[in-house]
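Single-structure report; data block below.
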Amino acid sequence: MSSLFNEWLARQTAQPNSADPAGTTATAASDAETAASDAAAAPADTSGTDAATASAKPAKSGRTAKSGTEKIVLDTQLAAAIDIARSAITEVAGTSVVGEHLGSVAEATRLVTHYFVCTDPTYRGWRWVAVLARAPRSKKVTVCETALLPGPDALVAPEWVPWDQRLEPGDLTPRDTLPKLDRDPNLQPGFQQTEDNAADNIDQIANFEFGIGRERVLSADGISAAASRWADSDAGPEGEFASRASAHCGSCGYLMPIAGSLRTKFGVCASEWSPFDGRVVGLDSGCGAHSETDAKKPSHEPADAVVDDYAAGELEYQEG
């Protein structure tokens with residue numbers, strides 16, 4: 001695919017729009033230089049007619065060239081070659097999916113793109129395009145290429161996102177393996193013995209944790225990120241369970257303390273009745289399975305018998 005189509009895809013085919021599908025250059029005439037060269041190359045009996053026709057049509061400004069100063073205007077002969085553009089598209093796609101002509105746009109000098117409606121229901125909002133060109137002083141129209149491009153309202157695939165940005169918690173399956181990140185901001189070098197292959201032999205000690213036997217441990221950013229996730233989860237101090245609990249996890253006998261700098265804020269729940277069993281919980285969190293709280297127990301003694309005072313005799317009716 002040429003660079004021209006790459007530019008179209010980047011612009012999401014902003015031109016032509018629905019209000020003016022042909023753009024401002026759809027009816028523009030060629031400039032005086034192009035008309036003069038066409039007239040010189042044409043036969044004697046038609047040169048005057050071509051020149052008069054070209055000069056009679058009002059010239060409108062086209063796209064601005066890359067230099068920012070030169071204006072590109074629509075070539076009248078290429079703009080009129082609608083049948084040639086349609087024929088080039090139907091050779092590829094067939095006649096049943098090519099609809100009405102939407103307009104034409106001047107891409108460069110003697111280079112015009114024609115737009116047609118795509119009637120295929122599976123490509124709603126897409127448009128057929130055909131790029132036409134001609135050599136200087138030539139009347140022969142050449143088809144450069146054809147394509148099917150999305151329009152402003154076309155259904156297109158979402159922008160591609162790298163896998164490491166698409167991956168979310170819970171996406172990992174038992175068969176998946178994540179690649180190692182050599183520059184992970186959440187990790188830093190741990191405590192390890194270096195080989196005696198340098199001038200000195202020292203121990204590399206991390207600033208925040210001692211990772212004996214591990215090459216890397218959590219960095220300050222990694223610890224902060226983990227604390228934020230745990231605090232914002234349903235096992236955090238702002239969760240619904242914590243708001244309804246009568247006691248905090250910090251005073252629960254089922255709390256297992258953790259090591260490291262987060263031990264003053266978090267622990268691991270070891271209560272099999274708690275919804276957070278085996279999970280990290282905040283010390284300020286809580287639930288109804290706290291080891292020291294109790295609910296009011298109902299009495300299991302039989303209720304007192306209800307005595308019917310009227311069971312012994314008959315009721316007497318008295319008029320009032």
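Every chain in the structure tokens takes a letter, A first, then B, and so on in the order presented; its residues are numbered from 1, and the ligands are numbered from 1 following the presented order.
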
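Within the 6 Å cut-off around range 109-112 of chain A, using only C-alpha atoms and omitting residues fewer than 4 positions from it on the same chain, the listed residues are Asp75, Val105, Val131, Leu132, Ala133 and Arg134 of chain A.
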
Any idea what's packed within 9 Å of Ala81 in chain A, counting only C-alpha atoms, ignoring anything in its chain fewer than 5 positions away? Could you give it as a PyMOL selection string?
-> chain A and resi 76+86+114+132+141

In Å to one decimal, how far is CA of Ala80 in chain A from CA of Lys140 in chain A?
->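 Separation between CA of Lys140 in chain A and CA of Ala80 in chain A: 12.4 Å.
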
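Ranking A:Val268, A:Ala130, A:Ala231, A:Ala303 by their shortest atom-to-atom distance to Gly253 in chain A, with only C-alpha atoms included, puts A:Val268 first.
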
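Interatomic distance, CA of Gly282 in chain A against CA of Val217 in chain A: 21.8 Å.
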
Write down as a PyMOL selection string the residues of range 142-301 of chain A whose backbone DSSP state falls under strand (DSSP E or B).
-> chain A and resi 142-150+187-189+192-193+203-204+216-218+255-257+266-269+280-282

Find the residues near Tyr115 in chain A: any atom within 6 Å, counting only C-alpha atoms, skip ones fewer than 5 places away on the same chain, and give them as a ChimeraX atom specification.
-> /A:102-103,128-129

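Of note, CA of Ala247 in chain A and CA of Glu272 in chain A are spaced 17.6 Å apart.
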
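Between Ser243 in chain A and the residues A:Gly286, A:Lys180, A:Val280, A:Ala270, the shortest atom-to-atom distance, using only C-alpha atoms, involves A:Gly286.
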
Spatial neighbours of range 255-265 of chain A, 9 Å, only C-alpha atoms, chain gap at least 3 places, as a PyMOL selection string = chain A and resi 208-210+223+227+249-252+268-271+281-284
